[in-house]
$ cat work-v1.pdb   # PDB, C-alpha atoms
MODEL        1
ATOM      1  CA  MET A   1     -42.380  -5.946 -23.327
ATOM      2  CA  ASN A   2     -40.681  -7.321 -26.413
ATOM      3  CA  GLY A   3     -36.945  -7.063 -26.995
ATOM      4  CA  SER A   4     -35.824  -5.979 -30.444
ATOM      5  CA  ARG A   5     -32.402  -6.279 -32.005
ATOM      6  CA  TYR A   6     -33.599  -4.085 -34.879
ATOM      7  CA  LEU A   7     -35.566  -1.312 -33.197
ATOM      8  CA  HIS A   8     -33.307   1.380 -34.646
ATOM      9  CA  GLY A   9     -32.460  -0.301 -37.937
ATOM     10  CA  ARG A  10     -30.161  -3.095 -38.987
ATOM     11  CA  ASP A  11     -27.924  -4.889 -36.497
ATOM     12  CA  GLU A  12     -24.455  -5.366 -37.997
ATOM     13  CA  ASN A  13     -23.774  -8.411 -35.770
ATOM     14  CA  THR A  14     -26.563 -10.539 -37.254
ATOM     15  CA  PRO A  15     -25.361 -12.871 -40.022
ATOM     16  CA  ARG A  16     -27.102 -12.183 -43.337
ATOM     17  CA  TYR A  17     -28.719 -15.645 -43.624
ATOM     18  CA  ARG A  18     -30.245 -15.251 -40.156
ATOM     19  CA  ARG A  19     -31.556 -11.779 -40.918
ATOM     20  CA  VAL A  20     -33.275 -12.980 -44.114
ATOM     21  CA  GLY A  21     -35.029 -15.742 -42.163
ATOM     22  CA  GLN A  22     -35.913 -13.374 -39.338
ATOM     23  CA  LYS A  23     -37.462 -10.894 -41.774
ATOM     24  CA  ILE A  24     -39.653 -13.668 -43.204
ATOM     25  CA  LEU A  25     -40.731 -14.786 -39.716
ATOM     26  CA  ASP A  26     -41.309 -11.171 -38.615
ATOM     27  CA  ARG A  27     -43.527 -10.507 -41.618
ATOM     28  CA  ALA A  28     -45.482 -13.758 -41.199
ATOM     29  CA  THR A  29     -45.983 -13.155 -37.459
ATOM     30  CA  ASN A  30     -47.068  -9.558 -38.040
ATOM     31  CA  ILE A  31     -49.593 -10.662 -40.687
ATOM     32  CA  SER A  32     -50.879 -13.397 -38.382
ATOM     33  CA  THR A  33     -51.195 -11.139 -35.333
ATOM     34  CA  GLY A  34     -52.021  -7.786 -36.892
ATOM     35  CA  LEU A  35     -49.059  -6.283 -35.037
ATOM     36  CA  ASP A  36     -46.073  -4.285 -36.262
ATOM     37  CA  ILE A  37     -43.176  -5.760 -34.292
ATOM     38  CA  THR A  38     -39.598  -5.215 -35.522
ATOM     39  CA  ASP A  39     -38.145  -8.429 -34.018
ATOM     40  CA  THR A  40     -40.666 -11.196 -33.331
ATOM     41  CA  GLN A  41     -38.015 -13.861 -32.660
ATOM     42  CA  SER A  42     -35.682 -12.103 -30.201
ATOM     43  CA  GLY A  43     -36.530 -14.354 -27.258
ATOM     44  CA  PHE A  44     -36.635 -11.421 -24.846
ATOM     45  CA  ARG A  45     -40.042 -10.968 -23.228
ATOM     46  CA  ALA A  46     -41.185  -9.385 -19.987
ATOM     47  CA  PHE A  47     -44.763  -9.574 -18.720
ATOM     48  CA  SER A  48     -46.785  -8.129 -15.909
ATOM     49  CA  SER A  49     -48.209 -10.788 -13.614
ATOM     50  CA  ALA A  50     -51.723  -9.772 -14.695
ATOM     51  CA  SER A  51     -50.979 -10.693 -18.314
ATOM     52  CA  ILE A  52     -49.845 -14.300 -17.655
ATOM     53  CA  PRO A  53     -53.363 -15.877 -17.816
ATOM     54  CA  HIS A  54     -53.682 -14.645 -21.423
ATOM     55  CA  PHE A  55     -50.846 -16.895 -22.638
ATOM     56  CA  ARG A  56     -51.310 -20.524 -23.716
ATOM     57  CA  PHE A  57     -47.636 -21.605 -23.852
ATOM     58  CA  ARG A  58     -48.682 -24.701 -25.766
ATOM     59  CA  ASP A  59     -46.211 -24.696 -28.660
ATOM     60  CA  PRO A  60     -42.860 -26.332 -28.022
ATOM     61  CA  GLY A  61     -39.476 -24.838 -28.792
ATOM     62  CA  PHE A  62     -38.938 -21.583 -30.608
ATOM     63  CA  VAL A  63     -42.479 -21.406 -31.990
ATOM     64  CA  VAL A  64     -43.506 -19.979 -28.629
ATOM     65  CA  GLU A  65     -42.013 -16.592 -29.665
ATOM     66  CA  SER A  66     -44.727 -16.029 -32.262
ATOM     67  CA  GLU A  67     -47.375 -17.703 -30.112
ATOM     68  CA  MET A  68     -46.786 -15.250 -27.244
ATOM     69  CA  LEU A  69     -47.178 -12.265 -29.565
ATOM     70  CA  ALA A  70     -50.348 -13.763 -31.057
ATOM     71  CA  ASP A  71     -51.805 -14.352 -27.586
ATOM     72  CA  ALA A  72     -50.910 -10.817 -26.461
ATOM     73  CA  ALA A  73     -52.471  -9.305 -29.595
ATOM     74  CA  GLU A  74     -55.617 -11.404 -29.216
ATOM     75  CA  ALA A  75     -55.983 -10.316 -25.581
ATOM     76  CA  GLY A  76     -55.467  -6.666 -26.548
ATOM     77  CA  LEU A  77     -52.368  -6.329 -24.388
ATOM     78  CA  ARG A  78     -50.104  -3.349 -24.966
ATOM     79  CA  ILE A  79     -46.730  -4.381 -26.370
ATOM     80  CA  VAL A  80     -43.744  -2.093 -25.956
ATOM     81  CA  GLU A  81     -40.501  -2.781 -27.788
ATOM     82  CA  VAL A  82     -37.157  -2.151 -26.134
ATOM     83  CA  GLU A  83     -33.736  -2.348 -27.709
ATOM     84  CA  VAL A  84     -31.646  -5.418 -26.863
ATOM     85  CA  GLY A  85     -28.228  -6.542 -28.043
ATOM     86  CA  VAL A  86     -27.088  -9.892 -29.376
ATOM     87  CA  ARG A  87     -23.832 -11.771 -29.804
ATOM     88  CA  TYR A  88     -23.373 -14.432 -32.448
ATOM     89  CA  ASP A  89     -19.716 -15.118 -31.610
ATOM     90  CA  VAL A  90     -20.609 -17.397 -28.678
ATOM     91  CA  ASP A  91     -22.179 -20.855 -28.697
ATOM     92  CA  GLY A  92     -25.930 -20.562 -28.558
ATOM     93  CA  SER A  93     -28.672 -22.353 -30.392
ATOM     94  CA  THR A  94     -28.205 -26.059 -30.974
ATOM     95  CA  ARG A  95     -30.799 -26.126 -33.772
ATOM     96  CA  ASN A  96     -30.152 -25.650 -37.442
ATOM     97  CA  PRO A  97     -31.408 -22.128 -38.272
ATOM     98  CA  ILE A  98     -33.058 -23.294 -41.512
ATOM     99  CA  SER A  99     -35.029 -26.146 -39.917
ATOM    100  CA  HIS A 100     -35.885 -23.854 -37.004
ATOM    101  CA  GLY A 101     -37.120 -21.130 -39.344
ATOM    102  CA  VAL A 102     -39.166 -23.513 -41.467
ATOM    103  CA  SER A 103     -40.836 -25.106 -38.418
ATOM    104  CA  VAL A 104     -41.760 -21.694 -36.996
ATOM    105  CA  LEU A 105     -43.028 -20.481 -40.381
ATOM    106  CA  LEU A 106     -45.199 -23.584 -40.852
ATOM    107  CA  ARG A 107     -46.763 -23.073 -37.425
ATOM    108  CA  ILE A 108     -47.460 -19.400 -38.162
ATOM    109  CA  ILE A 109     -49.068 -20.363 -41.472
ATOM    110  CA  GLY A 110     -51.174 -22.928 -39.601
ATOM    111  CA  ASP A 111     -52.364 -20.195 -37.239
ATOM    112  CA  LEU A 112     -53.319 -18.043 -40.223
ATOM    113  CA  GLU A 113     -55.954 -20.605 -41.179
ATOM    114  CA  LEU A 114     -57.932 -19.834 -38.020
ATOM    115  CA  LYS A 115     -56.941 -16.244 -37.262
ATOM    116  CA  ARG A 116     -56.688 -14.741 -40.748
ATOM    117  CA  PRO A 117     -58.605 -16.925 -43.223
ATOM    118  CA  LEU A 118     -58.653 -14.120 -45.786
ATOM    119  CA  TYR A 119     -54.856 -14.344 -46.032
ATOM    120  CA  TYR A 120     -54.760 -18.131 -45.791
ATOM    121  CA  PHE A 121     -57.462 -18.955 -48.364
ATOM    122  CA  THR A 122     -58.348 -15.858 -50.369
ATOM    123  CA  LEU A 123     -54.844 -14.744 -51.307
ATOM    124  CA  PRO A 124     -53.798 -18.144 -52.732
ATOM    125  CA  GLY A 125     -57.270 -18.433 -54.267
ATOM    126  CA  LEU A 126     -56.756 -15.168 -56.129
ATOM    127  CA  ILE A 127     -53.408 -16.354 -57.476
ATOM    128  CA  ILE A 128     -54.809 -19.731 -58.549
ATOM    129  CA  GLY A 129     -57.986 -18.198 -60.005
ATOM    130  CA  ILE A 130     -56.161 -15.496 -61.945
ATOM    131  CA  THR A 131     -53.749 -18.087 -63.332
ATOM    132  CA  GLY A 132     -56.707 -20.218 -64.433
ATOM    133  CA  ALA A 133     -58.490 -17.218 -65.959
ATOM    134  CA  ILE A 134     -55.392 -16.210 -67.937
ATOM    135  CA  LEU A 135     -54.966 -19.762 -69.219
ATOM    136  CA  SER A 136     -58.684 -19.859 -70.118
ATOM    137  CA  LEU A 137     -58.369 -16.614 -72.058
ATOM    138  CA  MET A 138     -55.367 -18.050 -73.895
ATOM    139  CA  PHE A 139     -57.475 -21.107 -74.801
ATOM    140  CA  ILE A 140     -60.301 -18.909 -76.081
ATOM    141  CA  ARG A 141     -57.828 -16.857 -78.129
ATOM    142  CA  ASP A 142     -56.332 -20.016 -79.648
ATOM    143  CA  TYR A 143     -59.820 -21.397 -80.377
ATOM    144  CA  ILE A 144     -61.007 -18.193 -82.071
ATOM    145  CA  THR A 145     -57.839 -17.813 -84.171
ATOM    146  CA  GLY A 146     -58.045 -21.441 -85.260
ATOM    147  CA  LEU A 147     -54.816 -22.580 -83.654
ATOM    148  CA  SER A 148     -54.476 -26.109 -82.353
ATOM    149  CA  VAL A 149     -56.488 -26.568 -79.183
ATOM    150  CA  ASN A 150     -55.538 -29.271 -76.678
ATOM    151  CA  MET A 151     -58.155 -30.341 -74.174
ATOM    152  CA  GLY A 152     -55.643 -31.171 -71.404
ATOM    153  CA  PRO A 153     -54.474 -27.575 -70.782
ATOM    154  CA  THR A 154     -58.053 -26.360 -71.206
ATOM    155  CA  ILE A 155     -59.298 -28.654 -68.452
ATOM    156  CA  VAL A 156     -56.417 -27.539 -66.213
ATOM    157  CA  ALA A 157     -57.336 -23.884 -66.864
ATOM    158  CA  VAL A 158     -60.982 -24.476 -65.965
ATOM    159  CA  MET A 159     -60.045 -26.461 -62.840
ATOM    160  CA  LEU A 160     -57.644 -23.740 -61.671
ATOM    161  CA  THR A 161     -60.331 -21.117 -62.121
ATOM    162  CA  LEU A 162     -62.861 -23.214 -60.181
ATOM    163  CA  PHE A 163     -60.416 -24.065 -57.371
ATOM    164  CA  GLY A 164     -59.341 -20.431 -57.107
ATOM    165  CA  THR A 165     -62.960 -19.297 -56.881
ATOM    166  CA  PHE A 166     -63.670 -21.964 -54.254
ATOM    167  CA  PHE A 167     -60.687 -20.835 -52.169
ATOM    168  CA  ILE A 168     -61.733 -17.181 -52.405
ATOM    169  CA  PHE A 169     -65.254 -17.898 -51.189
ATOM    170  CA  THR A 170     -63.965 -20.258 -48.492
ATOM    171  CA  GLY A 171     -61.755 -17.461 -47.132
ATOM    172  CA  ILE A 172     -64.584 -14.942 -47.204
ATOM    173  CA  ILE A 173     -67.048 -17.300 -45.502
ATOM    174  CA  LEU A 174     -64.574 -18.404 -42.812
ATOM    175  CA  ASP A 175     -63.582 -14.798 -42.106
ATOM    176  CA  SER A 176     -67.245 -13.851 -41.744
ATOM    177  CA  MET A 177     -67.809 -16.785 -39.379
ATOM    178  CA  ARG A 178     -64.742 -15.837 -37.326
ATOM    179  CA  ARG A 179     -65.971 -12.268 -37.027
ATOM    180  CA  MET A 180     -69.462 -13.428 -35.945
ATOM    181  CA  ILE A 181     -67.987 -15.741 -33.312
ATOM    182  CA  ILE A 182     -65.827 -12.923 -31.957
ATOM    183  CA  HIS A 183     -68.716 -10.434 -32.022
ATOM    184  CA  TYR A 184     -71.398 -12.653 -30.485
ATOM    185  CA  GLY A 185     -69.052 -14.626 -28.260
ATOM    186  CA  ARG A 186     -68.274 -11.615 -26.105
TER     187      ARG A 186
ENDMDL
END
$ encode --input "work-v1.pdb" --output "structure tokens"
Amino acid sequence: MNGSRYLHGRDENTPRYRRVGQKILDRATNISTGLDITDTQSGFRAFSSASIPHFRFRDPGFVVESEMLADAAEAGLRIVEVEVGVRYDVDGSTRNPISHGVSVLLRIIGDLELKRPLYYFTLPGLIIGITGAILSLMFIRDYITGLSVNMGPTIVAVMLTLFGTFFIFTGIILDSMRRMIIHYGR
């Protein structure tokens, strides 16, 4: 069971800066886990005793919120969301919300490398490769029209295209390997 402060929409008690950070962490966790959870960082969890062996509980601090959801998703456990309330007018967290959010986000991104290599490698590879291809096309246009051609930007364009292509294929290969391990490991 996962508690959600936002099961039925926006919670008016949540400060805007916290909600922006929570939306980013919710989206990153949902991409990493393949789930669709409305509040991944609520801190409210309830488990059946049979589900406990599926959890690693290895990450320290608040990162454990996303880790628990990732473990539950990986084990195929059913996750039910229930509405919970929150109060921000009392003393609570002793951590800076920005440093907390960044540390959790970095850990989620690290998990993406192993669990979702297509997102981790292929998406940035597409962005880098497309940028390089556009710059290469601009170079070709300038060369054909007889405009001044600098070799520095041309080399950068070619390198971006090559790095982007490398990242794309790395993501595809790692995703294929992950799928084979899952398929033949069972």
$ closest_residue --input "work-v1.pdb" --among "A:Ile173, A:Ile98, A:Val104, A:Ile144" --to "Val20 in chain A" --atoms "only C-alpha atoms"
A:Ile98
$ atom_distance --input "work-v1.pdb" --atom1 "CA of Gly164 in chain A" --atom2 "CA of Phe121 in chain A"
9.1 Å
$ resolve_selection --input "work-v1.pdb" --expression "the PyMOL selection byres ((chain A and resi 28) around 12)" --output "MDAnalysis selection string"
chainID A and resid 21:27 29:41 66:67 69:70 101:102 104:112 116 119:120
$ closest_residue --input "work-v1.pdb" --among "A:Val156, A:Thr14, A:Ser42, A:Ala72" --to "Phe55 in chain A" --atoms "all atoms listed in the file"
A:Ala72
$ closest_residue --input "work-v1.pdb" --among "A:Gly85, A:Leu162, A:Ile140, A:Gly125" --to "Asn13 in chain A" --atoms "all atoms listed in the file"
A:Gly85
$ resolve_selection --input "work-v1.pdb" --expression "the PyMOL selection byres ((chain A and resi 7) around 8)" --output "list in words"
Ser4, Arg5, Tyr6, His8, Gly9, Thr38, Asp39, Glu81, Val82 and Glu83 of chain A
$ residues_near_point --input "work-v1.pdb" --point "(-53.1, -17.2, -57.7)" --cutoff "12 Å" --atoms "all atoms listed in the file" --output "short mmCIF file (atom, residue, chain, number, x, y, z; two decimals) with C-alpha atoms, keeping the file's coordinate frame"
data_model
loop_
_atom_site.label_atom_id
_atom_site.label_comp_id
_atom_site.auth_asym_id
_atom_site.auth_seq_id
_atom_site.Cartn_x
_atom_site.Cartn_y
_atom_site.Cartn_z
CA PHE A 121 -57.46 -18.95 -48.36
CA THR A 122 -58.35 -15.86 -50.37
CA LEU A 123 -54.84 -14.74 -51.31
CA PRO A 124 -53.80 -18.14 -52.73
CA GLY A 125 -57.27 -18.43 -54.27
CA LEU A 126 -56.76 -15.17 -56.13
CA ILE A 127 -53.41 -16.35 -57.48
CA ILE A 128 -54.81 -19.73 -58.55
CA GLY A 129 -57.99 -18.20 -60.00
CA ILE A 130 -56.16 -15.50 -61.94
CA THR A 131 -53.75 -18.09 -63.33
CA GLY A 132 -56.71 -20.22 -64.43
CA ALA A 133 -58.49 -17.22 -65.96
CA ILE A 134 -55.39 -16.21 -67.94
CA LEU A 135 -54.97 -19.76 -69.22
CA LEU A 160 -57.64 -23.74 -61.67
CA THR A 161 -60.33 -21.12 -62.12
CA LEU A 162 -62.86 -23.21 -60.18
CA PHE A 163 -60.42 -24.06 -57.37
CA GLY A 164 -59.34 -20.43 -57.11
CA THR A 165 -62.96 -19.30 -56.88
CA PHE A 167 -60.69 -20.84 -52.17
CA ILE A 168 -61.73 -17.18 -52.40
#
